[in-house]
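Below is one structure; the comments refer to it alone.
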There are 2 protein chains.
Amino acid sequence: MRILAAAITSTALLGCASTAPSAPEAATPAAPSPNIIFMIGDGMGFEYISAYRYAMSTLGDEQLAKTPFDDLLVGAATTYPDDDTWVTDSAAGATALATGVKSYNGAIGVDTNQAPQRTLMELARDHGWATGAVATVQVNHATPASFFTHHPSRDLYNDIADSYATQVANGGWRFDVLLGGGYDYFHRDDKNWLPELEQQGLPVVTSLDDLAEHTQTPVMGLFAPKALPFAIDDKPGRLANMTTHALRLLTEQSATKGKPFALMVEGSMIDWCGHANDIACAVHEMADFAAAVQVVRDYIAEHPNTLLVITADHSTGGLTLGQGGEYAWYSDKVNAISQSIEGIATHLFDVPRQQWRAYVEDKLAFRLTSKQWKQLGEVKLDKELQGRDRLKPIHQVLVRIISEHTRTGWTTGGHTAVDVPVMASGPGAEAFKGYIDNTDIAKALLKLVR
Amino acid sequence: MRILAAAITSTALLGCASTAPSAPEAATPAAPSPNIIFMIGDGMGFEYISAYRYAMSTLGDEQLAKTPFDDLLVGAATTYPDDDTWVTDSAAGATALATGVKSYNGAIGVDTNQAPQRTLMELARDHGWATGAVATVQVNHATPASFFTHHPSRDLYNDIADSYATQVANGGWRFDVLLGGGYDYFHRDDKNWLPELEQQGLPVVTSLDDLAEHTQTPVMGLFAPKALPFAIDDKPGRLANMTTHALRLLTEQSATKGKPFALMVEGSMIDWCGHANDIACAVHEMADFAAAVQVVRDYIAEHPNTLLVITADHSTGGLTLGQGGEYAWYSDKVNAISQSIEGIATHLFDVPRQQWRAYVEDKLAFRLTSKQWKQLGEVKLDKELQGRDRLKPIHQVLVRIISEHTRTGWTTGGHTAVDVPVMASGPGAEAFKGYIDNTDIAKALLKLVR
């Protein structure tokens, strides 16, 4: 649990960012536009913040741990799409947050009629701002894609990659900084973009060490074939690291241009842990996201003319901290788990059954009951299946075992319609108060770009 | 769904209460103390507000329905008790909200050492304020009890009733107005308080019609043997009705005393519907609570020196709007349900099996699938059991059927540890912003009493 400990320390040192902005809702024409940092915890419903805070705290201590979110909360947002359901997907959610227009589930920067809608990043770029995005999944995934491109379906991963790799009609790239995973989409059998991009002045860096040395924009960083590993299975601090360098590069570019910047930072895989009903995975992604929020707050302490807005596109999994009638949620047991369920299942699939129990008990940090071991022992595997499908039988049993052990509740492998948190600080933060709609967030941000 | 329609109309007419209070956190000594109206939705997590809003709205309409909550949301609160768990019960939750002191689950106005803690209502009374409470459960239930009395256990219903019925050591009653259910606790085999109370100047009214005529304080209103019926099974507007009369009587008393008043209003049975995993029941209780919030907002429009704070003691049931992987929550199907699960189960228990299907399909407003009918038909009843226990087998099947039909998710029959909404408007509302603890809410309120 190194990453959680790191986040605690970082938070304890904080206390500097502004909490109660006194500026009027929209700056007067004379006021310089603020930088905009828009952070999206994909799937980060209120319950994920509760889980993160309790996971960082120790039962019986006088006080709960502070988190970088605490003094930023200003309201909540509805997330429903323009579709035949109240439950949004990440594409419609991101499109609403990027353009201020609701659309159908699956839409990338287009409305219900598939007409492209001007995004926050496009408007910023047109006004000469520096723009960028950071994600822990592939950069051509729904959330970042909806801020820069326009496609009828989120599934068109190659088309989205091609959009990123193509300069816009009036010249120039769609972004100054784009960091995340997705190398394989730019280096495909049918098309290898890398030499072309290098030649046209858009270098692609592929290691975080190289990124640390990099000083020029535009730049694309692709640090994994598709998504980065889950935070619980990875080195700590990857989103904070990418965010630090995005801020460095955008600040430089912004100074050169004499204009503000707009940056979108996505804690992308909170959602994936939610889909997987994996609470330890979710808490580690929250810690990863919180560490990036802390980086941004530290930046804002030095650059106060910056608006920070944090929200989620929806909540995932129907997470709650309580299950099966018991009045408890065992944060200590969650903290003790040291691998994602997907990681455990992937390992188990390939090793003999007699190694299973020791491995699972090591990773979950508790002795399985005989009933739990029986459930796991009875899992039937199908070696013909591919990818996650073949892990599913193991995965489902591990979810049940961990839920029972930690008293974590889940209701779905999909998304839910519940409202999500809205946090804000800095110039213009007043616009995000109370209950608002996800499109209102985008509309307020778009107003600030001029 | 008459009550929801009424709430919509009432809300549409609104738009008057203040939303962005500009007063400093604590009024200066010279400023007159505001009235305090503290509204507690028992079990009302964020997800209940989402459910209520979507239930009032129509999928495909241009806009969602407005609710009386929308512009009041200012933050969220942690709810953990001083106990060996992060999950609070309603007694520790109410004690924290009434006294600013965390305690063990079950505690009524006492700390972990069972020492009585000064409550908001006691402090207000000592300062000459008028005080009162309204609830939809028995007045001696955990939440109202924690604002006026001190007992080591919430289960001591008779002792709590005796406290209400006994004048305090320095003379006088503990409240000016106390309205809810619980008649049977004051009219017991071992003790009938009613003649004594009448004689000592504390009349007990037992019908809402009589309450409407009543003009004197103190007064106790006991409108049901124990709790009132669930809102879905009752006439609409009961909490709004009681709140209207509590405000009328307290305003009068307050004017006489030349002092403000403090009123606690509990939407008590949101929690009970959550425990029952009954979504239609929960939405109707939310509508009942929202109508009371609207009454208070209308009052505040005429009496602006009034602080309104709304929160929950915890969330119940692990409710989410999404279940079983489907990206949907069917608000229309929830709205079509016309009886509580408890009401349906109670009826089924006493009628022949051949009448079950027609009755259930009428109350749930849909045709059971053959699988669902089979599940219901296979329920085994035990006529030896008493009360809710004997209804349990029917109840569990109906929860499963309704969850699947409406895609409502539940994870527990108990409470959860997730943070709850905090809403505020009026003088002093600034103190409730962002993430705070439930004890901070009480501390901020206590400061205003002088």
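We name chains A, B, ... following the order of the structure tokens; residues begin at 1 in each chain, and ligands are numbered from 1 as shown.
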For the contact check between chain B and chain A, emit one row per residue of chain B within 7 Å, containing the shortest atom pair and the distance in Å rounded to one decimal, counting only C-alpha atoms, chain then rising number order, as CSV.
residue,atom,partner,partner_atom,distance
B:Glu47,CA,A:Val418,CA,5.4
B:Ser50,CA,A:Val418,CA,5.4
B:Asp70,CA,A:Tyr435,CA,4.9
B:Asp71,CA,A:Gly434,CA,5.2
B:Leu72,CA,A:Gly434,CA,6.2
B:Leu73,CA,A:Gly434,CA,4.6
B:Val74,CA,A:Val74,CA,5.7
B:Gly75,CA,A:Val74,CA,5.8
B:Thr85,CA,A:Ala328,CA,5.3
B:Trp86,CA,A:Ala328,CA,6.1
B:Val87,CA,A:Ala328,CA,5.3
B:Gly318,CA,A:Thr320,CA,5.4
B:Thr320,CA,A:Gly318,CA,5.4
B:Leu321,CA,A:Thr416,CA,5.1
B:Gly322,CA,A:Thr416,CA,4.5
B:Gln323,CA,A:Thr412,CA,4.7
B:Gly324,CA,A:Thr412,CA,4.5
B:Gly325,CA,A:Gly414,CA,4.7
B:Glu326,CA,A:Gly414,CA,6.5
B:Tyr327,CA,A:Val87,CA,5.4
B:Ala328,CA,A:Thr85,CA,5.3
B:Trp329,CA,A:Trp86,CA,6.3
B:Gly409,CA,A:Thr411,CA,5.1
B:Trp410,CA,A:Thr411,CA,6.5
B:Thr411,CA,A:Gln323,CA,5.1
B:Thr412,CA,A:Gly324,CA,4.5
B:Gly413,CA,A:Gly325,CA,4.7
B:Gly414,CA,A:Gly325,CA,4.7
B:His415,CA,A:Tyr327,CA,6.2
B:Thr416,CA,A:Gly322,CA,4.5
B:Ala417,CA,A:Leu321,CA,5.2
B:Val418,CA,A:Glu47,CA,5.4
B:Asp419,CA,A:Ser50,CA,6.0
B:Gly434,CA,A:Leu73,CA,4.6
B:Tyr435,CA,A:Asp70,CA,4.9
* Contact residues around B:Val101 with only C-alpha atoms at 12 Å, ignoring same-chain residues under 3 positions, as number ranges by chain -> B: 79-82, 91-98, 104, 107-120, 146, 437-443, 446
* Name the residues of stretch 118-347 of chain A that come out as strand (DSSP E or B) in a backbone DSSP run; write them as a PyMOL selection string. => chain A and resi 130-138+151+177-181+187+192+204-205+219-222+261-267+306-311+315-316+320+323+326
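Of note, atom CA of A:Leu202 and atom CA of A:Ala169 are spaced 16.4 Å apart.
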* Got a sec: who's within 10 Å of B:Ala255, counting only C-alpha atoms, leaving out chain neighbours fewer than 5 positions off, as a VMD selection string? -> chain B and resid 129 to 130 249 to 250 260 to 261
* Skip A:Asp209 itself and residues of its chain fewer than 4 positions away, then list as a list of chain:residue names all residues within 12 Å of it, counting only C-alpha atoms. =>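 Using only C-alpha atoms, the neighbours found are A:Val205, A:Glu213, A:His214, A:Gly221, A:Phe223, A:Arg238, A:Asn241, A:Met242, A:His245.
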* **Interatomic distance (Å, one decimal) between atom CA of A:Ile232 and atom CA of A:Cys281** =>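 Between atom CA of A:Ile232 and atom CA of A:Cys281 the gap is 5.7 Å.
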* To do: Give the helix (DSSP H, G or I) residues of stretch 262-292 of chain A, as assigned by DSSP on the backbone, as number ranges by chain.
  => A: 270-275, 279-292
* **Contact residues around A:His405 with only C-alpha atoms at 9 Å, ignoring same-chain residues under 2 positions, as a PyMOL selection string** => chain A and resi 330+333-334+366+400-403+407-408
* **Exercise: A:Gly343 partners within 12 Å, only C-alpha atoms, chain neighbours under 3 positions left out, as number ranges by chain** => A: 229-234, 273, 276, 278, 280-281, 337-340, 346-350, 359-360, 363-364, 388, 391, 394-395, 398
* To do: Extract, using only C-alpha atoms, all DNA, RNA and protein residues at most 7 Å from B:Gly180, discarding same-chain residues fewer than 4 positions from it, and format them as a PyMOL selection string.
  => chain B and resi 134-139+221-223
What does the file look like for those residues with all heavy atoms, as a tab-separated table (two decimals), in the first residue's frame?
chain	number	residue	atom	x	y	z
B	134	VAL	N	-40.55	17.08	14.25
B	134	VAL	CA	-41.58	16.38	13.48
B	134	VAL	C	-40.94	15.13	12.89
B	134	VAL	O	-39.81	15.20	12.37
B	134	VAL	CB	-42.11	17.26	12.33
B	134	VAL	CG1	-43.17	16.53	11.53
B	134	VAL	CG2	-42.63	18.58	12.85
B	135	ALA	N	-41.61	14.01	12.96
B	135	ALA	CA	-41.09	12.77	12.36
B	135	ALA	C	-42.25	11.96	11.83
B	135	ALA	O	-43.40	12.18	12.22
B	135	ALA	CB	-40.31	11.97	13.40
B	136	THR	N	-41.96	11.03	10.93
B	136	THR	CA	-43.02	10.16	10.43
B	136	THR	C	-43.03	8.81	11.14
B	136	THR	O	-43.93	8.01	10.93
B	136	THR	CB	-42.91	9.96	8.91
B	136	THR	OG1	-41.55	9.65	8.58
B	136	THR	CG2	-43.33	11.21	8.17
B	137	VAL	N	-42.00	8.55	11.94
B	137	VAL	CA	-42.03	7.38	12.82
B	137	VAL	C	-42.45	7.83	14.21
B	137	VAL	O	-42.75	9.02	14.44
B	137	VAL	CB	-40.67	6.65	12.88
B	137	VAL	CG1	-40.37	5.99	11.54
B	137	VAL	CG2	-39.55	7.59	13.30
B	138	GLN	N	-42.43	6.93	15.16
B	138	GLN	CA	-42.78	7.28	16.53
B	138	GLN	C	-41.81	8.35	17.04
B	138	GLN	O	-40.62	8.31	16.73
B	138	GLN	CB	-42.75	6.04	17.45
B	138	GLN	CG	-41.53	5.15	17.34
B	138	GLN	CD	-41.72	4.01	16.34
B	138	GLN	OE1	-42.19	4.24	15.22
B	138	GLN	NE2	-41.35	2.82	16.73
B	139	VAL	N	-42.32	9.29	17.82
B	139	VAL	CA	-41.50	10.40	18.29
B	139	VAL	C	-40.38	9.93	19.21
B	139	VAL	O	-39.39	10.65	19.40
B	139	VAL	CB	-42.35	11.48	19.01
B	139	VAL	CG1	-43.31	12.14	18.04
B	139	VAL	CG2	-43.10	10.87	20.21
B	221	GLY	N	-48.29	15.68	19.23
B	221	GLY	CA	-49.20	15.07	18.28
B	221	GLY	C	-48.75	13.64	17.99
B	221	GLY	O	-47.62	13.43	17.56
B	222	LEU	N	-49.63	12.69	18.25
B	222	LEU	CA	-49.28	11.27	18.06
B	222	LEU	C	-50.31	10.68	17.11
B	222	LEU	O	-51.42	10.36	17.52
B	222	LEU	CB	-49.26	10.54	19.40
B	222	LEU	CG	-48.32	11.13	20.46
B	222	LEU	CD1	-48.54	10.46	21.82
B	222	LEU	CD2	-46.86	10.97	20.02
B	223	PHE	N	-49.92	10.53	15.85
B	223	PHE	CA	-50.91	10.25	14.81
B	223	PHE	C	-50.95	8.81	14.35
B	223	PHE	O	-51.58	8.50	13.34
B	223	PHE	CB	-50.66	11.19	13.62
B	223	PHE	CG	-50.61	12.64	14.04
B	223	PHE	CD1	-49.43	13.36	14.00
B	223	PHE	CD2	-51.75	13.25	14.54
B	223	PHE	CE1	-49.39	14.68	14.42
B	223	PHE	CE2	-51.72	14.57	14.96
B	223	PHE	CZ	-50.53	15.29	14.90
* Rounded to one decimal place, report the atom CA of B:Ile36-atom CA of B:Thr306 distance in Å. =>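 For atom CA of B:Ile36 relative to atom CA of B:Thr306, the distance reads 5.8 Å.
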* Nearest-residue call for B:Thr217, choices B:Ala142, B:Thr131, B:Gln167, B:Gly237, using only C-alpha atoms -> B:Thr131
